>>> print(open('work-v8.cif').read())   # mmCIF, C-alpha atoms
data_structure
#
loop_
_atom_site.label_atom_id
_atom_site.label_comp_id
_atom_site.auth_asym_id
_atom_site.auth_seq_id
_atom_site.Cartn_x
_atom_site.Cartn_y
_atom_site.Cartn_z
CA MET A 1 94.70 75.49 157.78
CA PRO A 2 93.31 75.32 154.21
CA THR A 3 89.55 75.14 154.02
CA THR A 4 87.92 72.13 152.41
CA THR A 5 84.42 71.54 151.10
CA ALA A 6 82.38 68.52 152.15
CA ILE A 7 81.14 66.43 149.24
CA GLN A 8 78.93 63.34 149.30
CA ILE A 9 79.58 60.54 146.81
CA ALA A 10 77.01 57.76 146.47
CA TYR A 11 77.28 54.45 144.67
CA THR A 12 75.72 51.01 144.69
CA PRO A 13 77.03 48.35 147.10
CA ASP A 14 78.38 46.34 144.21
CA SER A 15 81.89 45.43 143.15
CA ASP A 16 82.12 47.48 139.95
CA ASP A 17 81.08 50.75 141.62
CA ALA A 18 83.36 50.02 144.58
CA PHE A 19 86.17 49.42 142.09
CA TYR A 20 85.70 52.94 140.64
CA TYR A 21 86.09 54.61 144.02
CA ASP A 22 88.47 52.31 145.86
CA ALA A 23 91.64 54.38 145.31
CA LEU A 24 89.89 57.58 146.36
CA GLU A 25 88.18 55.98 149.33
CA THR A 26 91.41 54.36 150.59
CA GLY A 27 93.59 57.44 150.06
CA ARG A 28 95.63 56.17 147.10
CA VAL A 29 94.19 59.15 145.21
CA THR A 30 93.20 62.47 146.82
CA LEU A 31 90.66 65.15 145.96
CA ALA A 32 92.29 68.46 146.84
CA GLY A 33 90.00 71.01 148.47
CA PHE A 34 87.22 68.51 149.23
CA ARG A 35 86.31 66.17 152.09
CA PRO A 36 84.50 63.27 150.41
CA THR A 37 82.19 60.98 152.33
CA PHE A 38 80.85 57.83 150.70
CA HIS A 39 77.36 56.35 150.76
CA ARG A 40 76.23 52.98 149.43
CA GLU A 41 72.60 52.38 148.52
CA HIS A 42 70.64 50.21 146.11
CA MET A 43 70.15 51.80 142.71
CA SER A 44 66.44 52.36 143.25
CA THR A 45 67.29 54.33 146.42
CA LEU A 46 69.97 56.34 144.63
CA ASN A 47 67.49 57.16 141.87
CA ARG A 48 65.03 58.56 144.40
CA ALA A 49 67.78 60.54 146.11
CA ALA A 50 68.85 62.06 142.77
CA LEU A 51 65.37 63.45 142.24
CA SER A 52 65.95 65.73 145.22
CA GLY A 53 69.67 66.30 144.57
CA ARG A 54 70.75 64.73 147.85
CA TYR A 55 74.30 63.77 146.76
CA GLU A 56 76.82 65.88 144.90
CA VAL A 57 78.03 62.83 142.96
CA THR A 58 75.88 59.76 142.50
CA ALA A 59 75.30 56.69 140.39
CA ILE A 60 71.90 56.57 138.70
CA SER A 61 70.10 54.38 136.22
CA SER A 62 70.66 55.89 132.78
CA VAL A 63 66.92 55.96 132.14
CA LEU A 64 66.41 58.35 135.07
CA TYR A 65 68.48 61.12 133.52
CA PRO A 66 65.66 63.04 131.78
CA GLN A 67 64.14 63.62 135.21
CA VAL A 68 67.33 65.00 136.83
CA ALA A 69 69.08 66.71 133.89
CA ASP A 70 68.26 70.18 135.20
CA ARG A 71 70.19 69.44 138.41
CA TYR A 72 72.95 67.06 137.30
CA ALA A 73 75.53 66.87 134.51
CA ILE A 74 76.94 63.53 133.35
CA LEU A 75 80.48 62.53 134.24
CA SER A 76 82.48 61.01 131.39
CA VAL A 77 83.95 58.54 133.90
CA GLY A 78 82.10 55.73 135.62
CA THR A 79 79.52 54.77 133.00
CA SER A 80 78.42 51.13 133.15
CA VAL A 81 78.29 49.89 129.56
CA GLY A 82 77.01 46.60 128.21
CA ARG A 83 78.63 45.67 124.91
CA GLY A 84 76.32 42.91 123.79
CA TYR A 85 75.15 42.14 127.31
CA GLY A 86 73.20 43.70 130.16
CA PRO A 87 70.35 42.91 132.53
CA VAL A 88 69.20 39.31 132.13
CA LEU A 89 65.63 38.03 132.34
CA VAL A 90 65.43 34.68 134.16
CA SER A 91 62.81 32.15 135.19
CA LYS A 92 62.67 28.96 137.25
CA ASN A 93 61.83 26.80 134.26
CA PRO A 94 62.71 27.35 130.60
CA ARG A 95 60.24 29.67 128.89
CA THR A 96 60.02 32.27 126.12
CA LEU A 97 59.78 36.03 126.32
CA ASP A 98 56.31 35.94 124.76
CA SER A 99 55.08 33.59 127.48
CA LEU A 100 55.51 36.36 130.04
CA ARG A 101 52.65 38.46 128.68
CA GLY A 102 50.36 39.22 131.61
CA LYS A 103 52.79 37.60 134.07
CA ARG A 104 54.40 39.15 137.15
CA VAL A 105 58.08 39.87 136.60
CA GLY A 106 60.43 41.23 139.26
CA VAL A 107 62.33 44.41 138.39
CA PRO A 108 64.93 46.27 140.49
CA GLY A 109 62.87 49.45 140.85
CA ILE A 110 60.85 51.75 138.60
CA PRO A 111 62.39 53.45 136.77
CA THR A 112 65.61 51.50 136.36
CA THR A 113 67.32 50.36 133.18
CA GLY A 114 66.31 46.76 133.88
CA TRP A 115 62.67 47.82 134.20
CA PHE A 116 62.93 49.90 131.03
CA LEU A 117 64.28 46.98 129.00
CA LEU A 118 61.43 44.75 130.18
CA ARG A 119 58.91 47.50 129.40
CA VAL A 120 60.25 47.94 125.86
CA LEU A 121 60.96 44.31 124.97
CA CYS A 122 58.02 42.65 126.76
CA PRO A 123 55.49 45.45 127.28
CA GLU A 124 52.65 43.18 128.38
CA ALA A 125 54.57 41.76 131.35
CA ILE A 126 53.52 43.11 134.76
CA PRO A 127 56.57 44.66 136.50
CA VAL A 128 56.88 44.12 140.25
CA ALA A 129 59.43 46.43 141.88
CA MET A 130 61.58 44.90 144.61
CA ALA A 131 65.16 44.88 145.91
CA PHE A 132 67.48 43.57 143.21
CA ASP A 133 69.03 40.95 145.49
CA GLN A 134 65.65 39.47 146.41
CA ILE A 135 64.37 38.93 142.88
CA GLY A 136 66.25 35.68 142.23
CA GLY A 137 64.94 34.08 145.40
CA ALA A 138 61.38 35.14 144.60
CA VAL A 139 61.65 33.59 141.14
CA ALA A 140 63.14 30.39 142.56
CA ALA A 141 60.23 30.21 145.02
CA GLU A 142 57.78 30.75 142.12
CA LYS A 143 56.41 33.93 143.67
CA LEU A 144 57.20 35.57 140.32
CA ALA A 145 57.05 34.17 136.81
CA ALA A 146 60.44 35.73 136.02
CA GLY A 147 62.85 38.41 137.17
CA VAL A 148 65.35 40.89 135.81
CA MET A 149 68.86 40.27 137.12
CA ILE A 150 71.27 43.21 137.55
CA HIS A 151 74.62 43.71 139.28
CA GLU A 152 76.36 40.43 140.13
CA GLU A 153 73.00 38.67 140.10
CA LEU A 154 73.19 38.56 136.30
CA LEU A 155 76.16 36.17 136.67
CA TYR A 156 75.09 34.41 139.86
CA TYR A 157 71.56 33.30 138.91
CA PRO A 158 72.53 29.80 137.61
CA LYS A 159 73.62 28.95 141.16
CA LEU A 160 70.01 29.59 142.19
CA GLY A 161 68.86 27.01 139.66
CA LEU A 162 67.38 29.64 137.34
CA HIS A 163 67.28 29.68 133.54
CA ARG A 164 67.93 32.58 131.20
CA VAL A 165 64.90 33.63 129.21
CA VAL A 166 66.82 36.31 127.31
CA ASP A 167 69.67 38.74 127.88
CA LEU A 168 67.65 41.95 127.65
CA GLY A 169 70.77 44.06 127.27
CA ALA A 170 72.05 41.95 124.38
CA LEU A 171 68.65 42.13 122.66
CA TRP A 172 68.57 45.94 122.97
CA CYS A 173 72.11 46.16 121.60
CA ARG A 174 71.20 44.02 118.58
CA GLN A 175 68.04 45.95 117.84
CA ASN A 176 69.80 49.32 118.03
CA ALA A 177 73.26 48.30 116.78
CA LEU A 178 74.77 50.15 119.75
CA PRO A 179 76.20 49.37 123.20
CA LEU A 180 73.87 49.77 126.16
CA PRO A 181 74.62 52.54 128.71
CA VAL A 182 73.20 50.82 131.78
CA GLY A 183 74.18 53.31 134.48
CA LEU A 184 75.66 56.79 134.75
CA ASN A 185 77.71 58.75 137.22
CA VAL A 186 76.30 62.26 137.54
CA ILE A 187 77.45 65.40 139.34
CA ARG A 188 75.50 68.35 140.69
CA ARG A 189 75.74 71.43 138.51
CA ASP A 190 75.79 73.83 141.45
CA LEU A 191 79.39 72.81 142.18
CA GLY A 192 80.46 74.88 139.18
CA LEU A 193 82.33 73.80 136.06
CA ALA A 194 85.86 73.98 137.51
CA ALA A 195 84.96 71.76 140.47
CA MET A 196 83.03 69.33 138.26
CA GLN A 197 86.05 68.99 135.97
CA GLN A 198 88.42 68.49 138.89
CA ILE A 199 86.22 65.84 140.49
CA CYS A 200 85.79 64.08 137.16
CA GLU A 201 89.53 63.88 136.65
CA VAL A 202 90.19 62.58 140.16
CA LEU A 203 87.53 59.89 139.74
CA ARG A 204 89.24 58.93 136.48
CA LEU A 205 92.57 58.67 138.34
CA SER A 206 90.85 56.48 140.93
CA LEU A 207 89.51 54.11 138.29
CA ARG A 208 92.83 54.13 136.44
CA TYR A 209 94.55 53.10 139.69
CA GLY A 210 92.14 50.19 139.93
CA LEU A 211 92.78 49.10 136.35
CA ASP A 212 96.55 49.35 136.89
CA HIS A 213 96.44 47.52 140.24
CA SER A 214 93.49 45.24 139.60
CA GLU A 215 94.59 42.30 141.72
CA GLU A 216 95.05 44.52 144.77
CA VAL A 217 91.77 46.38 144.30
CA LEU A 218 89.77 43.26 143.46
CA ARG A 219 90.80 41.79 146.81
CA ARG A 220 89.32 44.79 148.60
CA VAL A 221 86.10 45.06 146.61
CA SER A 222 85.34 41.33 146.64
CA ARG A 223 83.35 41.87 149.85
CA PHE A 224 80.68 43.65 147.81
CA GLY A 225 77.97 42.04 145.70
CA ARG A 226 77.86 38.28 146.22
CA GLY A 227 81.20 38.42 148.02
CA SER A 228 84.14 36.11 147.54
CA ASP A 229 81.91 33.04 147.91
CA GLY A 230 79.88 34.15 144.91
CA GLY A 231 82.84 33.85 142.59
CA CYS A 232 81.58 36.67 140.35
CA THR A 233 83.74 39.65 141.29
CA GLN A 234 86.51 39.60 138.71
CA GLN A 235 84.26 38.74 135.77
CA PHE A 236 81.69 41.33 136.77
CA VAL A 237 84.24 44.10 137.31
CA ASN A 238 85.79 43.31 133.92
CA MET A 239 82.35 43.69 132.34
CA PHE A 240 81.44 47.06 133.86
CA ALA A 241 84.64 48.76 135.10
CA ASN A 242 86.87 49.00 132.06
CA ARG A 243 88.03 51.43 129.34
CA ASP A 244 84.41 52.26 128.50
CA SER A 245 84.07 53.39 132.11
CA LEU A 246 87.36 55.32 132.05
CA GLN A 247 86.09 57.77 129.44
CA MET A 248 82.73 57.47 127.72
CA PRO A 249 83.32 56.51 124.05
CA GLU A 250 81.52 58.17 121.15
CA ASP A 251 79.31 55.15 120.41
CA VAL A 252 78.13 55.10 124.03
CA ARG A 253 77.26 58.81 123.80
CA ALA A 254 75.26 58.08 120.65
CA ALA A 255 73.58 55.15 122.39
CA LEU A 256 72.65 57.37 125.34
CA GLY A 257 70.79 59.70 122.99
CA VAL A 258 68.86 56.76 121.52
CA LEU A 259 68.10 55.31 124.95
CA LEU A 260 66.85 58.62 126.38
CA THR A 261 64.65 59.21 123.33
CA GLN A 262 63.02 55.84 123.97
CA VAL A 263 62.60 56.69 127.66
CA VAL A 264 60.85 59.97 126.86
CA ASP A 265 58.67 58.18 124.30
CA LEU A 266 57.50 55.97 127.18
CA GLY A 267 56.47 59.07 129.11
CA TYR A 268 59.36 59.21 131.61
CA GLY A 269 60.48 62.76 130.97
CA GLU A 270 58.99 65.66 129.04
CA THR A 271 61.81 66.10 126.54
CA VAL A 272 65.09 64.46 125.64
CA PRO A 273 67.64 66.54 127.53
CA ILE A 274 70.63 68.13 125.85
CA PHE A 275 73.01 66.26 128.08
CA GLU A 276 76.19 67.94 129.22
CA ILE A 277 79.08 65.52 129.69
CA ILE A 278 81.89 66.65 131.98
CA GLU A 279 85.17 65.58 130.43
CA GLY A 280 87.63 66.33 133.20
CA LEU A 281 90.90 68.15 132.76
CA GLN A 282 92.37 65.85 130.12
CA THR A 283 91.25 63.08 127.82
CA VAL A 284 92.33 59.46 127.81
CA PRO A 285 94.50 58.29 124.90
CA ALA A 286 92.82 55.85 122.55
#
>>> encode(input="work-v8.cif", output="structure tokens")
Amino acid sequence: MPTTTAIQIAYTPDSDDAFYYDALETGRVTLAGFRPTFHREHMSTLNRAALSGRYEVTAISSVLYPQVADRYAILSVGTSVGRGYGPVLVSKNPRTLDSLRGKRVGVPGIPTTGWFLLRVLCPEAIPVAMAFDQIGGAVAAEKLAAGVMIHEELLYYPKLGLHRVVDLGALWCRQNALPLPVGLNVIRRDLGLAAMQQICEVLRLSLRYGLDHSEEVLRRVSRFGRGSDGGCTQQFVNMFANRDSLQMPEDVRAALGVLLTQVVDLGYGETVPIFEIIEGLQTVPA
């Protein structure tokens, strides 16, 4: 019997991440020589796990990468990209960004990309870390002055009676004239280059299956996030599981360099890493 190597793959319990991995997880695509197991955790939990290298493949907040670059390379597949959109800052009643100076604002963990955007664009706000899916309720109950919405919450918040203060992702994109790399898929370097390339290519095949069979896969992944009752799945997956996710474009790579420079300038990392991007075994036609 051929030997296989166990590999742990971790992603957020949200519909776009589930969409990436659905074909691999359901056996439509296979990873020869490996026995993958899948783990779903909130992004803040995945970020902490990446600091110790717990998973061979994991989603992380892009802003965490300077702290894990020595252990992980970046996969060219599975990047969550906001082209003129991203984490949204919301409040119970209409208000301005400036009015949040000195106010408590919910963020989905520190560091996360949502926290980073608040820190850069409203530095005098007081970030309060909490589970991403509890922030909207806390804002609606006026326990927080505002909150940063990520995942499907950034589409669902109007149903909670909340108002958009500003789309933080859109504001960052305008200020930098670049798309926003919100989240990354990273892979442990100790697997070796050949294995990293193979895994990258299989994950690309998994996502390509989803894009080619979107109706089928959307039915399966609609249980994640806000679920079918939330009515957000298809729109959200279209926003963050698309051709940008299939193979990281050049403008997203440039944007990642800008973003990580800003992160290091804030003191979250000693230097801007020379990030290695694993391309897989072949590239995707334009």
>>> residues_around(input="work-v8.cif", residues="A:Gly257", least_positions_apart="6", cutoff="9 Å", atoms="only C-alpha atoms", output="PyMOL selection string")
chain A and resi 272-275
>>> closest_residue(input="work-v8.cif", among="A:Ile60, A:Ile278, A:Ala145, A:Leu218", to="A:Gly106", atoms="only C-alpha atoms")
A:Ala145
>>> residues_around(input="work-v8.cif", residues="A:Gly114", least_positions_apart="5", cutoff="10 Å", atoms="all atoms listed in the file", output="list in words")
Ser61, Val63, Gly86, Pro87, Val88, Leu89, Gly106, Val107, Pro108, Gly109, Arg119, Phe132, Gly147, Val148, Met149, Ile150, Leu168, Gly169 and Val182 of chain A
>>> residues_around(input="work-v8.cif", residues="A:Ala10", least_positions_apart="4", cutoff="10 Å", atoms="all atoms listed in the file", output="ChimeraX atom specification")
/A:17,21,37-43,46,49-50,54-60,185
>>> residues_around(input="work-v8.cif", residues="stretch 152-159 of chain A", least_positions_apart="2", cutoff="12 Å", atoms="all atoms listed in the file", output="PyMOL selection string")
chain A and resi 12-17+85-93+108+114+131-140+146-150+161-169+222+224-240
